[in-house]
Amino acid sequence: MPNMANEKVKMREQDPNVRNKNFDEVTCGYSAEEAMAEAARCLNCKHKPCMDGCPVSVQIPRFISCIAAGEFKKALEIIGETNSLPAVCGRVCPQESQCEQLCVRGKKGEPVAVGRLERFAADNGMDTGEAENAAAGKAASEDVPGGIKVAVIGAGPAGLTCAGDLVKLGYDVTIFEAFHIAGGVLVYGIPEFRLPKAIVRREIDKLAAAGVKLRTNYIVGRTVTVEDLFEEGYKAVFIGSGAGLPKFMNIPGENLNGVFSANEFLTRINLMKAYRDEYDTPVYDVKKVAVVGGGNVAMDAARCAKRIGAEEVYIIYRRSLEEMPARQEEVHHAMEEGIIFKLLTNPVEIKGEDGRVSAITCDRMELGEPDAGGRRRPVVVEGGRFDIGLDCVIMALGTSPNPLISATTGGLEVNKWGCLEVDGNLMTTRAGVFAGGDAVTGAATVILAMGAGKRAADGIDSYIKKGL
Ligand code: FAD
Ligand code: SF4
């Protein structure tokens, strides 16, 4: 008998007033009993509408039926057929606009909690050691001769997925990563309280065990170029270098001390361990912080600022809550944690004293006519200018791809946003050089980057086999 409750089984969370002072995970995950009760809400629909919303086509009703039956290991194996990072996706995928948005149960109540169930299967597998054995996708190819070298640039979700699929096909894969640690945004951007680093490390260890080689502190375009890689005998190159170049507003005062890009602020906290008491923190004491922007990155920066001791943290966003691009869950969590939302507010100047931020000047806005994209355009309200006293401003206005690789590699074309141009197989305008993830789409999502990594691995495999 299906469980016909209209609401999802609740997931336990840390109390907002406790968690806004620590970096431990906010949500606690389902127990086996909770997961089975939630899985029993699934109707096992024949036409599987939820699957149409999954960019990597996870067999959703199949794995959920296994959880309902208590067959947790089998559930993880089914997810692993198409998704190599289930513990990550179960935590950070925007399920509400993907699988769960299309779930039939969502018509008369809440959809089945697909993401929480995916997380449960992955975490349970890690606890029991079954995750190490769950097959992640492809079977080893018999027609790839050993020793064919492929280079992957960037160890984010796109690069890691591409490398994992290629090694399974029998290629000799090396990832070249600029940072001292692999994971991309999963380690330097998304904070510990949403995605514990240990989970990402475990996924990377699995790839290393499968034979993927990792060279860190390697900036392609500086330490080595794409041309050098071909000269060293790599037969194809995948560029998964992400979109790490921050945007600013170009308003007066942006070069004052105390103004950060969200990427820099989050990297200092996540990778340089500013969040740990025993480290000489590379972020100075901030008490009043404004984060400008309304996406996931803005929510992460604001929640981190609160956790490192800021007393007042503002989100400044020029439209209303309805247009905010961040996941609803993140906005809700941020509000619970005491982040103050200044909506319909647009900064025009950052003021300083002795070279450091002292205030931000903002205009009040209202929503006018829709723009070309259909979103109502924010318009300045006359006479509504005001100041907020601050000691730190964090700009979370989006990012674009860093031009280093395209500038140092002959034959690579980029579009007007600096994103690499690719064909249907994700090959760039340079033969043998493939690309995917944020480097091609601009800032997007983990699951889309993973999907691109998979497609590129197929493209590289066909390209190399044609030349054999
Ligand atoms: P990245 O993850 O950016 O990885 C690129 C890697 O390439 C990095 O490790 C970088 O160091 C390396 N690199 C760059 N240049 C070079 C070079 N020249 N040589 C060698 N290595 C290089 N998505 C979601 O789905 N859900 C979320 O909740 C979510 N939250 C986010 C929160 C934050 C703070 C940020 C910044 C992003 C968030 N995203 C989220 C977006 C998501 O993380 C990205 O879309 C995804 O990580 C893109 O993957 P990628 O592999 O293309 O690039
Ligand atoms: Fe289950 Fe919802 Fe998918 Fe139907 S649409 S199979 S109820 S998850």
# chains A, B, ... in the order shown; residues from 1 in each chain; ligands from 1
>>> residues_around(residues="Ala396 (chain A)", least_positions_apart="5", cutoff="6 Å", atoms="only C-alpha atoms", output="MDAnalysis selection string")
chainID A and resid 262 292:293 298
>>> residues_near_ligand(ligand="ligand 2", cutoff="6 Å", atoms="only C-alpha atoms and all ligand atoms", output="list in words")
Cys42, Leu43, Asn44, Cys45, Lys48, Pro49, Cys50, Pro61, Cys103, Val104, Arg105 and Val112 of chain A
>>> write_last_selection(atoms="C-alpha atoms", output="short mmCIF file (atom, residue, chain, number, x, y, z; two decimals), in the first residue's frame")
data_model
loop_
_atom_site.label_atom_id
_atom_site.label_comp_id
_atom_site.auth_asym_id
_atom_site.auth_seq_id
_atom_site.Cartn_x
_atom_site.Cartn_y
_atom_site.Cartn_z
CA CYS A 42 6.08 7.00 -4.77
CA LEU A 43 3.38 5.65 -7.10
CA ASN A 44 5.93 3.94 -9.38
CA CYS A 45 4.31 5.69 -12.36
CA LYS A 48 8.05 8.05 -15.16
CA PRO A 49 7.56 11.84 -15.59
CA CYS A 50 10.13 12.59 -12.86
CA PRO A 61 11.03 5.02 -9.70
CA CYS A 103 6.41 14.37 -9.86
CA VAL A 104 2.75 13.34 -10.04
CA ARG A 105 2.43 13.49 -6.24
CA VAL A 112 8.17 12.65 -3.51
#
>>> residues_near_ligand(ligand="ligand 1", cutoff="7 Å", atoms="only C-alpha atoms and all ligand atoms", output="PyMOL selection string")
chain A and resi 92-94+153-159+176-179+182-186+189-190+218-221+240-244+263+266+296-297+300+402+404-405+436-439+443-447+449
>>> closest_residue(among="A:Met126, A:Ala274, A:Val224, A:Ile79", to="Arg202 (chain A)", atoms="only C-alpha atoms")
A:Met126
>>> closest_residue(among="A:Ala310, A:Val380, A:Val226, A:Cys66", to="Ala121 (chain A)", atoms="only C-alpha atoms")
A:Cys66
>>> select_by_dssp(residues="region 129-272 of chain A", states="strand (DSSP E or B)", output="list in words")
Lys149, Val150, Ala151, Val152, Ile153, Asp172, Val173, Thr174, Ile175, Phe176, Lys213, Leu214, Arg215, Val220, Val224, Tyr234, Lys235, Ala236, Val237, Phe238, Ile239, Leu245, Pro246, Asn257, Val259, Phe260 and Ser261 of chain A
>>> residues_around(residues="Leu343 (chain A)", least_positions_apart="6", cutoff="12 Å", atoms="only C-alpha atoms", output="NGL selection string")
:A and (291-294 or 314-324 or 362-367 or 378)
>>> write_last_selection(atoms="N, CA, C and O atoms", output="PDB file, in the first residue's frame")
ATOM      1  N   VAL A 291      25.751  41.348   1.448  1.00  0.00           N
ATOM      2  CA  VAL A 291      26.034  40.506   0.288  1.00  0.00           C
ATOM      3  C   VAL A 291      25.117  40.981  -0.821  1.00  0.00           C
ATOM      4  O   VAL A 291      23.893  41.034  -0.638  1.00  0.00           O
ATOM      5  N   VAL A 292      25.704  41.344  -1.954  1.00  0.00           N
ATOM      6  CA  VAL A 292      24.900  41.878  -3.047  1.00  0.00           C
ATOM      7  C   VAL A 292      24.634  40.760  -4.053  1.00  0.00           C
ATOM      8  O   VAL A 292      25.564  40.178  -4.615  1.00  0.00           O
ATOM      9  N   GLY A 293      23.356  40.424  -4.265  1.00  0.00           N
ATOM     10  CA  GLY A 293      22.994  39.355  -5.206  1.00  0.00           C
ATOM     11  C   GLY A 293      21.891  38.499  -4.608  1.00  0.00           C
ATOM     12  O   GLY A 293      21.603  38.592  -3.408  1.00  0.00           O
ATOM     13  N   GLY A 294      21.276  37.655  -5.451  1.00  0.00           N
ATOM     14  CA  GLY A 294      20.132  36.867  -4.962  1.00  0.00           C
ATOM     15  C   GLY A 294      20.196  35.404  -5.347  1.00  0.00           C
ATOM     16  O   GLY A 294      19.179  34.708  -5.309  1.00  0.00           O
ATOM     17  N   TYR A 314      23.263  41.322   5.693  1.00  0.00           N
ATOM     18  CA  TYR A 314      22.185  41.705   4.783  1.00  0.00           C
ATOM     19  C   TYR A 314      22.358  41.029   3.434  1.00  0.00           C
ATOM     20  O   TYR A 314      23.482  40.910   2.942  1.00  0.00           O
ATOM     21  N   ILE A 315      21.247  40.619   2.840  1.00  0.00           N
ATOM     22  CA  ILE A 315      21.225  40.282   1.419  1.00  0.00           C
ATOM     23  C   ILE A 315      20.606  41.488   0.725  1.00  0.00           C
ATOM     24  O   ILE A 315      19.495  41.899   1.076  1.00  0.00           O
ATOM     25  N   ILE A 316      21.336  42.059  -0.218  1.00  0.00           N
ATOM     26  CA  ILE A 316      20.794  43.209  -0.962  1.00  0.00           C
ATOM     27  C   ILE A 316      20.485  42.737  -2.379  1.00  0.00           C
ATOM     28  O   ILE A 316      21.385  42.297  -3.109  1.00  0.00           O
ATOM     29  N   TYR A 317      19.195  42.816  -2.744  1.00  0.00           N
ATOM     30  CA  TYR A 317      18.770  42.282  -4.055  1.00  0.00           C
ATOM     31  C   TYR A 317      17.814  43.296  -4.701  1.00  0.00           C
ATOM     32  O   TYR A 317      16.910  43.807  -4.024  1.00  0.00           O
ATOM     33  N   ARG A 318      18.018  43.533  -5.985  1.00  0.00           N
ATOM     34  CA  ARG A 318      17.276  44.649  -6.594  1.00  0.00           C
ATOM     35  C   ARG A 318      15.857  44.293  -7.024  1.00  0.00           C
ATOM     36  O   ARG A 318      15.071  45.154  -7.373  1.00  0.00           O
ATOM     37  N   ARG A 319      15.540  42.979  -7.064  1.00  0.00           N
ATOM     38  CA  ARG A 319      14.162  42.608  -7.391  1.00  0.00           C
ATOM     39  C   ARG A 319      13.473  42.113  -6.111  1.00  0.00           C
ATOM     40  O   ARG A 319      13.956  42.339  -5.014  1.00  0.00           O
ATOM     41  N   SER A 320      12.337  41.388  -6.260  1.00  0.00           N
ATOM     42  CA  SER A 320      11.623  40.922  -5.064  1.00  0.00           C
ATOM     43  C   SER A 320      11.929  39.443  -4.820  1.00  0.00           C
ATOM     44  O   SER A 320      12.605  38.793  -5.619  1.00  0.00           O
ATOM     45  N   LEU A 321      11.392  38.907  -3.735  1.00  0.00           N
ATOM     46  CA  LEU A 321      11.649  37.523  -3.364  1.00  0.00           C
ATOM     47  C   LEU A 321      11.239  36.561  -4.488  1.00  0.00           C
ATOM     48  O   LEU A 321      11.891  35.549  -4.733  1.00  0.00           O
ATOM     49  N   GLU A 322      10.166  36.927  -5.163  1.00  0.00           N
ATOM     50  CA  GLU A 322       9.622  36.062  -6.211  1.00  0.00           C
ATOM     51  C   GLU A 322      10.613  35.822  -7.353  1.00  0.00           C
ATOM     52  O   GLU A 322      10.668  34.752  -7.926  1.00  0.00           O
ATOM     53  N   GLU A 323      11.404  36.852  -7.672  1.00  0.00           N
ATOM     54  CA  GLU A 323      12.341  36.722  -8.805  1.00  0.00           C
ATOM     55  C   GLU A 323      13.682  36.165  -8.361  1.00  0.00           C
ATOM     56  O   GLU A 323      14.563  35.935  -9.191  1.00  0.00           O
ATOM     57  N   MET A 324      13.864  35.955  -7.074  1.00  0.00           N
ATOM     58  CA  MET A 324      15.183  35.555  -6.574  1.00  0.00           C
ATOM     59  C   MET A 324      15.611  34.213  -7.169  1.00  0.00           C
ATOM     60  O   MET A 324      14.861  33.240  -7.087  1.00  0.00           O
ATOM     61  N   CYS A 362      22.334  52.896  -1.099  1.00  0.00           N
ATOM     62  CA  CYS A 362      21.443  52.123  -1.986  1.00  0.00           C
ATOM     63  C   CYS A 362      20.250  52.955  -2.421  1.00  0.00           C
ATOM     64  O   CYS A 362      19.810  53.856  -1.697  1.00  0.00           O
ATOM     65  N   ASP A 363      19.718  52.601  -3.583  1.00  0.00           N
ATOM     66  CA  ASP A 363      18.437  53.147  -4.035  1.00  0.00           C
ATOM     67  C   ASP A 363      17.335  52.141  -3.736  1.00  0.00           C
ATOM     68  O   ASP A 363      17.557  50.926  -3.894  1.00  0.00           O
ATOM     69  N   ARG A 364      16.158  52.666  -3.352  1.00  0.00           N
ATOM     70  CA  ARG A 364      14.995  51.775  -3.294  1.00  0.00           C
ATOM     71  C   ARG A 364      14.479  51.596  -4.706  1.00  0.00           C
ATOM     72  O   ARG A 364      14.525  52.510  -5.519  1.00  0.00           O
ATOM     73  N   MET A 365      13.967  50.399  -4.985  1.00  0.00           N
ATOM     74  CA  MET A 365      13.516  50.084  -6.339  1.00  0.00           C
ATOM     75  C   MET A 365      12.053  49.638  -6.305  1.00  0.00           C
ATOM     76  O   MET A 365      11.541  49.215  -5.262  1.00  0.00           O
ATOM     77  N   GLU A 366      11.404  49.715  -7.472  1.00  0.00           N
ATOM     78  CA  GLU A 366      10.096  49.062  -7.627  1.00  0.00           C
ATOM     79  C   GLU A 366      10.120  48.310  -8.947  1.00  0.00           C
ATOM     80  O   GLU A 366      10.980  48.591  -9.796  1.00  0.00           O
ATOM     81  N   LEU A 367       9.197  47.376  -9.131  1.00  0.00           N
ATOM     82  CA  LEU A 367       9.224  46.592 -10.370  1.00  0.00           C
ATOM     83  C   LEU A 367       8.379  47.268 -11.437  1.00  0.00           C
ATOM     84  O   LEU A 367       7.212  47.619 -11.201  1.00  0.00           O
ATOM     85  N   PRO A 378      13.604  46.238 -12.542  1.00  0.00           N
ATOM     86  CA  PRO A 378      13.592  47.111 -11.364  1.00  0.00           C
ATOM     87  C   PRO A 378      13.834  48.576 -11.751  1.00  0.00           C
ATOM     88  O   PRO A 378      14.703  48.861 -12.572  1.00  0.00           O
TER      89      PRO A 378
END
>>> residues_around(residues="Lys74 (chain A)", least_positions_apart="3", cutoff="10 Å", atoms="only C-alpha atoms", output="short mmCIF file (atom, residue, chain, number, x, y, z; two decimals) with N, CA, C and O atoms, in the first residue's frame")
data_model
loop_
_atom_site.label_atom_id
_atom_site.label_comp_id
_atom_site.auth_asym_id
_atom_site.auth_seq_id
_atom_site.Cartn_x
_atom_site.Cartn_y
_atom_site.Cartn_z
N ARG A 62 12.62 3.22 -10.15
CA ARG A 62 13.27 1.93 -9.84
C ARG A 62 14.05 2.01 -8.54
O ARG A 62 13.95 1.15 -7.67
N PHE A 63 14.84 3.07 -8.38
CA PHE A 63 15.65 3.11 -7.15
C PHE A 63 14.77 3.38 -5.93
O PHE A 63 15.01 2.84 -4.84
N SER A 65 11.67 2.35 -5.52
CA SER A 65 10.99 1.08 -5.12
C SER A 65 11.93 0.22 -4.30
O SER A 65 11.49 -0.46 -3.38
N CYS A 66 13.21 0.22 -4.65
CA CYS A 66 14.17 -0.58 -3.87
C CYS A 66 14.26 -0.07 -2.43
O CYS A 66 14.29 -0.86 -1.49
N ILE A 67 14.27 1.27 -2.28
CA ILE A 67 14.34 1.81 -0.91
C ILE A 67 13.07 1.41 -0.14
O ILE A 67 13.14 0.98 1.01
N GLY A 70 13.40 -1.85 1.24
CA GLY A 70 14.53 -2.05 2.16
C GLY A 70 15.78 -2.57 1.44
O GLY A 70 16.76 -2.94 2.08
N GLU A 71 15.77 -2.53 0.09
CA GLU A 71 16.95 -3.01 -0.66
C GLU A 71 17.84 -1.80 -0.99
O GLU A 71 17.88 -1.32 -2.13
N GLU A 77 23.02 0.98 -6.45
CA GLU A 77 23.55 0.47 -7.73
C GLU A 77 22.79 1.06 -8.91
O GLU A 77 23.37 1.43 -9.92
N ILE A 78 21.47 1.17 -8.76
CA ILE A 78 20.65 1.72 -9.85
C ILE A 78 21.02 3.20 -10.08
O ILE A 78 21.21 3.63 -11.22
N ILE A 79 21.16 3.95 -9.01
CA ILE A 79 21.53 5.37 -9.17
C ILE A 79 22.91 5.44 -9.85
O ILE A 79 23.15 6.22 -10.77
N GLY A 80 23.83 4.56 -9.39
CA GLY A 80 25.20 4.56 -9.89
C GLY A 80 25.32 4.22 -11.38
O GLY A 80 26.35 4.51 -12.00
N ALA A 121 20.34 6.92 -0.01
CA ALA A 121 20.95 5.72 -0.62
C ALA A 121 22.47 5.87 -0.65
O ALA A 121 23.22 4.94 -0.32
N GLY A 125 25.15 3.80 1.69
CA GLY A 125 26.18 3.01 1.01
C GLY A 125 27.57 3.34 1.53
O GLY A 125 28.42 2.47 1.67
N GLU A 130 29.22 -0.03 0.81
CA GLU A 130 28.71 -0.51 -0.47
C GLU A 130 28.94 0.51 -1.59
O GLU A 130 28.99 0.15 -2.76
N ALA A 134 29.49 0.24 -5.88
CA ALA A 134 28.38 0.53 -6.80
C ALA A 134 28.95 1.01 -8.14
O ALA A 134 29.70 1.96 -8.20
#
>>> residues_around(residues="Glu96 (chain A)", least_positions_apart="2", cutoff="10 Å", atoms="only C-alpha atoms", output="list in words")
Gly53, Cys93, Pro94, Gln98, Cys99, Glu100, Gln101, Leu102, Cys103, Pro111, Ala113, Val114, Gly115, Arg327, Gln328 and Glu329 of chain A
>>> write_last_selection(atoms="C-alpha atoms", output="PDB file, in the first residue's frame")
ATOM      1  CA  GLY A  53      13.502  16.290 -15.236  1.00  0.00           C
ATOM      2  CA  CYS A  93      20.753  19.524  -7.018  1.00  0.00           C
ATOM      3  CA  PRO A  94      17.825  21.924  -7.514  1.00  0.00           C
ATOM      4  CA  GLN A  98      13.935  19.210 -11.982  1.00  0.00           C
ATOM      5  CA  CYS A  99      12.630  15.717 -11.045  1.00  0.00           C
ATOM      6  CA  GLU A 100      10.418  16.853  -8.172  1.00  0.00           C
ATOM      7  CA  GLN A 101       8.774  19.564 -10.265  1.00  0.00           C
ATOM      8  CA  LEU A 102       7.393  16.851 -12.590  1.00  0.00           C
ATOM      9  CA  CYS A 103       6.413  14.373  -9.859  1.00  0.00           C
ATOM     10  CA  PRO A 111       6.241  15.762  -4.527  1.00  0.00           C
ATOM     11  CA  ALA A 113      11.467  13.747  -1.894  1.00  0.00           C
ATOM     12  CA  VAL A 114      13.636  12.314  -4.677  1.00  0.00           C
ATOM     13  CA  GLY A 115      16.742  14.261  -3.633  1.00  0.00           C
ATOM     14  CA  ARG A 327      16.891  27.724  -4.336  1.00  0.00           C
ATOM     15  CA  GLN A 328      13.826  28.222  -2.112  1.00  0.00           C
ATOM     16  CA  GLU A 329      15.333  25.931   0.498  1.00  0.00           C
TER      17      GLU A 329
END
>>> residues_around(residues="Gly467 (chain A)", least_positions_apart="6", cutoff="12 Å", atoms="only C-alpha atoms", output="list in words")
Val144, Ile148, Lys235, Ala236, Ala431, Gly432, Ile460 and Asp461 of chain A
>>> closest_residue(among="A:Gly410, A:Pro191, A:Pro2, A:Gly258", to="Arg41 (chain A)", atoms="only C-alpha atoms")
A:Pro2
>>> closest_residue(among="A:Gln95, A:Ala32, A:Ala334, A:Lys46", to="Ala69 (chain A)", atoms="only C-alpha atoms")
A:Ala32
>>> closest_residue(among="A:Ile175, A:Leu271, A:Val18, A:Cys392", to="Lys213 (chain A)", atoms="only C-alpha atoms")
A:Ile175
>>> select_by_dssp(residues="region 285-325 of chain A", states="helix (DSSP H, G or I)", output="VMD selection string")
chain A and resid 296 to 307 321 to 323
>>> residues_around(residues="Phe23 (chain A)", least_positions_apart="3", cutoff="12 Å", atoms="only C-alpha atoms", output="VMD selection string")
chain A and resid 14 16 18 to 20 26 to 27 190 to 197 269 to 270 273 to 277 300 303 to 309
>>> write_last_selection(atoms="N, CA and C atoms", output="short mmCIF file (atom, residue, chain, number, x, y, z; two decimals), in the first residue's frame")
data_model
loop_
_atom_site.label_atom_id
_atom_site.label_comp_id
_atom_site.auth_asym_id
_atom_site.auth_seq_id
_atom_site.Cartn_x
_atom_site.Cartn_y
_atom_site.Cartn_z
N GLN A 14 19.49 20.89 12.14
CA GLN A 14 20.01 21.58 13.33
C GLN A 14 19.16 22.83 13.60
N PRO A 16 18.13 26.52 13.98
CA PRO A 16 18.74 27.68 13.29
C PRO A 16 19.69 28.51 14.16
N VAL A 18 21.49 27.52 16.59
CA VAL A 18 22.71 26.77 16.92
C VAL A 18 23.56 26.67 15.66
N ARG A 19 22.91 26.31 14.55
CA ARG A 19 23.69 26.06 13.33
C ARG A 19 24.29 27.34 12.74
N ASN A 20 23.68 28.52 13.05
CA ASN A 20 24.27 29.73 12.46
C ASN A 20 25.58 30.12 13.15
N VAL A 26 23.65 21.32 7.95
CA VAL A 26 22.36 21.84 8.43
C VAL A 26 21.33 20.72 8.54
N THR A 27 21.24 19.91 7.48
CA THR A 27 20.21 18.86 7.45
C THR A 27 20.84 17.53 7.86
N ILE A 190 30.86 25.74 -2.44
CA ILE A 190 29.71 25.32 -1.62
C ILE A 190 30.21 25.01 -0.21
N PRO A 191 29.65 25.68 0.80
CA PRO A 191 30.22 25.54 2.15
C PRO A 191 29.97 24.18 2.79
N GLU A 192 30.81 23.91 3.77
CA GLU A 192 30.78 22.66 4.54
C GLU A 192 29.38 22.34 5.09
N PHE A 193 28.62 23.37 5.50
CA PHE A 193 27.33 23.08 6.14
C PHE A 193 26.27 22.64 5.13
N ARG A 194 26.57 22.77 3.83
CA ARG A 194 25.64 22.25 2.81
C ARG A 194 26.20 20.98 2.17
N LEU A 195 27.52 20.92 2.05
CA LEU A 195 28.14 19.77 1.40
C LEU A 195 29.47 19.47 2.08
N PRO A 196 29.47 18.54 3.04
CA PRO A 196 30.73 18.28 3.76
C PRO A 196 31.84 17.84 2.81
N LYS A 197 33.02 18.41 3.04
CA LYS A 197 34.17 18.12 2.14
C LYS A 197 34.52 16.64 2.13
N ILE A 269 37.20 31.00 3.18
CA ILE A 269 36.55 30.26 4.27
C ILE A 269 36.68 28.74 4.05
N ASN A 270 36.42 28.30 2.84
CA ASN A 270 36.38 26.85 2.59
C ASN A 270 37.76 26.22 2.44
N LYS A 273 40.50 27.62 5.28
CA LYS A 273 40.08 27.21 6.63
C LYS A 273 39.77 28.37 7.58
N ALA A 274 39.26 29.48 7.02
CA ALA A 274 38.89 30.60 7.90
C ALA A 274 37.81 30.18 8.89
N TYR A 275 37.11 29.09 8.60
CA TYR A 275 36.02 28.69 9.48
C TYR A 275 36.50 27.90 10.70
N ARG A 276 37.80 27.59 10.74
CA ARG A 276 38.27 26.80 11.88
C ARG A 276 39.02 27.68 12.88
N ASP A 277 38.63 27.56 14.15
CA ASP A 277 39.17 28.45 15.18
C ASP A 277 40.68 28.37 15.28
N ASP A 300 25.05 31.46 0.22
CA ASP A 300 26.19 30.79 0.85
C ASP A 300 27.12 31.79 1.53
N ARG A 303 25.45 33.25 4.70
CA ARG A 303 25.35 32.29 5.81
C ARG A 303 26.75 32.00 6.39
N CYS A 304 27.78 32.06 5.53
CA CYS A 304 29.15 31.89 6.03
C CYS A 304 29.54 33.09 6.89
N ALA A 305 29.19 34.31 6.42
CA ALA A 305 29.55 35.52 7.17
C ALA A 305 28.94 35.44 8.57
N LYS A 306 27.69 35.00 8.64
CA LYS A 306 27.02 34.88 9.95
C LYS A 306 27.78 33.88 10.84
N ARG A 307 28.21 32.79 10.22
CA ARG A 307 28.87 31.74 11.00
C ARG A 307 30.25 32.14 11.50
N ILE A 308 30.93 33.06 10.77
CA ILE A 308 32.25 33.46 11.29
C ILE A 308 32.13 34.62 12.28
N GLY A 309 30.90 34.98 12.64
CA GLY A 309 30.73 35.91 13.76
C GLY A 309 30.13 37.26 13.43
#
>>> closest_residue(among="A:Lys149, A:Arg385, A:Lys288, A:Lys108", to="Val237 (chain A)", atoms="only C-alpha atoms")
A:Lys149
>>> decode(residues="region 337-350 of chain A", atoms="C-alpha atoms", output="CSV table (one decimal), in the first residue's frame")
chain,number,residue,atom,x,y,z
A,337,GLU,CA,19.4,31.8,10.5
A,338,GLY,CA,18.8,35.6,10.9
A,339,ILE,CA,20.0,36.9,7.5
A,340,ILE,CA,18.2,40.3,6.9
A,341,PHE,CA,16.8,40.6,3.3
A,342,LYS,CA,16.8,44.0,1.8
A,343,LEU,CA,14.7,43.5,-1.3
A,344,LEU,CA,14.0,45.9,-4.1
A,345,THR,CA,17.3,47.6,-3.1
A,346,ASN,CA,20.2,48.5,-5.4
A,347,PRO,CA,23.7,49.7,-4.3
A,348,VAL,CA,25.0,52.8,-6.0
A,349,GLU,CA,28.2,53.5,-4.0
A,350,ILE,CA,30.4,51.9,-1.3
